[in-house]
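For reference, the structure discussed in these notes is given below.
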Amino acid sequence: MWQYPGSSKQRVVTMSPHRESADSLWLVREASGQPQCLPGQPIKCGSRIRLTHLQSNKNLHSSRNFHSPLSKQQETHLFGDNGEGDFKDDWVVVCKGDKPSDRFFWQRDSNKQYIQLKHAESGAFLSSSYTLSFGPNTPRIENHLEVSGTYDAASPATNFQVTLGIHLLQ
């Protein structure tokens, strides 16, 4: 776990420069207090969700009380145990796309649809930029990109795509 002065003392979330990294996999789950999310069910744009990191089984979490190490924006980190946490683990799926149909459901492998993840409690948007990468003084996360929360919804750094995932049906 990497920590820095003034941090929440939780495991900081970064983006790996390696697309195929198993450390980049997340499970989409229901938000706090919501009915269980059914596997394979499409996620509607505007839905509140929780993302659980598969390797650590902790949730993507953010708090306006702590600042990220590079950009000094809102820190994002992992929180909870066994996928259980609190309301600060909840994110709203904001769909963006060229066609109106791109804005109904969150789509995987769509070159034209981007999503934003808006932190339900603070209103900050999940953000990551190639201009904010960790250097040699942080060997465990060297070349990883900082992930933080920003209030600039127009920033291209808030646009994400889903490119990997599989759901098996019997």
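To be explicit about the labels: the chains of the structure tokens are called A, B, and onward in the order shown, and within each one the residues are counted from 1, while ligands get numbers from 1 in the order they are shown.
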
- Query: DSSP says helix (DSSP H, G or I) for which residues of region 53-156 of chain A? Put them as a PyMOL selection string?
  - Reply: chain A and resi 87-89+100-103+139-141+156

Generate a file of the selected residues that holds C-alpha atoms, formatted as a compact mmCIF listing (two decimals), in the first residue's frame.
# COMPACT_ATOMS: atom_id res chain seq x y z
CA PHE A 87 -22.24 5.61 0.88
CA LYS A 88 -18.96 7.21 -0.24
CA ASP A 89 -18.46 4.13 -2.46
CA PRO A 100 -29.23 9.36 -28.39
CA SER A 101 -29.16 5.54 -28.04
CA ASP A 102 -25.65 5.84 -26.55
CA ARG A 103 -27.24 7.54 -23.56
CA PRO A 139 8.72 2.42 -7.45
CA ARG A 140 5.62 0.28 -6.80
CA ILE A 141 3.49 2.62 -8.90
CA PRO A 156 -11.41 14.95 -21.29

Open item on the list: For a quick check of understanding, using only C-alpha atoms, which of A:His61, A:His144, A:Lys96, A:Arg108 has the smallest distance to Ala124 (chain A)?
Closed with: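 Selected residue with least distance to Ala124 (chain A): A:His61.
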
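Closest approach to Leu60 (chain A) among A:Asn137, A:Gln41, A:Gln10, A:Ser21: A:Gln10, based on only C-alpha atoms.
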
- request: Go through chain A and collect every residue that DSSP, computed from the backbone, puts in strand (DSSP E or B); the answer should be as a PyMOL selection string.
  value: chain A and resi 12+14-15+26-30+44+48-53+58-67+74-79+81+84+90-96+105+108+114-119+125-133+145-150+160+162

- So which one's closest to Gly135 (chain A), A:Thr158, A:Ser63, A:Gln34, A:Leu70? Using only C-alpha atoms, please.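 Ranking A:Thr158, A:Ser63, A:Gln34, A:Leu70 by distance to Gly135 (chain A), first place goes to A:Leu70.
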
Which neighbours of Phe105 (chain A) fall inside 10 Å, counting only C-alpha atoms, when residues of the same chain fewer than 5 positions from it are skipped, and could you give them as a ChimeraX atom specification? /A:42-47,93-95,113

Nearest to Asp23 (chain A) by atom-to-atom distance, counting only C-alpha atoms, from A:Ser68, A:Phe104, A:Asn57, A:Glu146:
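Closest to Asp23 (chain A), using only C-alpha atoms: A:Asn57.
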
* **Option closest in space to Asn82 (chain A), from A:His53, A:Arg11, A:His18, A:Lys58 [counting only C-alpha atoms]** =>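 For Asn82 (chain A), the nearest of the candidates is A:Lys58.
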
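Computed from the coordinates, the CA of Ser127 (chain A) to CA of Ser32 (chain A) distance equals 22.1 Å.
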
A straight line from CA of Glu20 (chain A) to CA of Gln161 (chain A) spans 14.4 Å

Practice prompt. Kindly indicate which residue among A:Glu30, A:Glu75, A:Asp86, A:Asp81 lies nearest to Ser148 (chain A), using only C-alpha atoms for the distances.
Written response: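 Answer, going by the shortest atom-to-atom distance: A:Glu75.
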
Within 9 Å of Tyr151 (chain A), counting only C-alpha atoms, which residues show up once you throw out same-chain ones fewer than 5 positions away? Write them as number ranges by chain, please.
-> A: 73, 123-125

Could you take the residues named above and write them with N, CA and C atoms, as a compact mmCIF listing (two decimals), in the first residue's frame?
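Final file, selection18.txt:
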# COMPACT_ATOMS: atom_id res chain seq x y z
N GLN A 73 -6.29 17.31 -6.19
CA GLN A 73 -7.74 17.25 -6.30
C GLN A 73 -8.26 16.25 -5.26
N GLY A 123 -20.12 14.86 -5.76
CA GLY A 123 -20.34 15.44 -7.08
C GLY A 123 -19.08 15.53 -7.94
N ALA A 124 -17.94 15.06 -7.42
CA ALA A 124 -16.69 15.08 -8.19
C ALA A 124 -16.72 13.97 -9.24
N PHE A 125 -16.07 14.22 -10.37
CA PHE A 125 -15.98 13.24 -11.44
C PHE A 125 -14.64 12.52 -11.37

Distance of CA of Ser16 (chain A) from CA of Gly97 (chain A), expressed in Å to one decimal place
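Spanning CA of Gly97 (chain A) to CA of Ser16 (chain A) is a straight-line distance of 25.2 Å.
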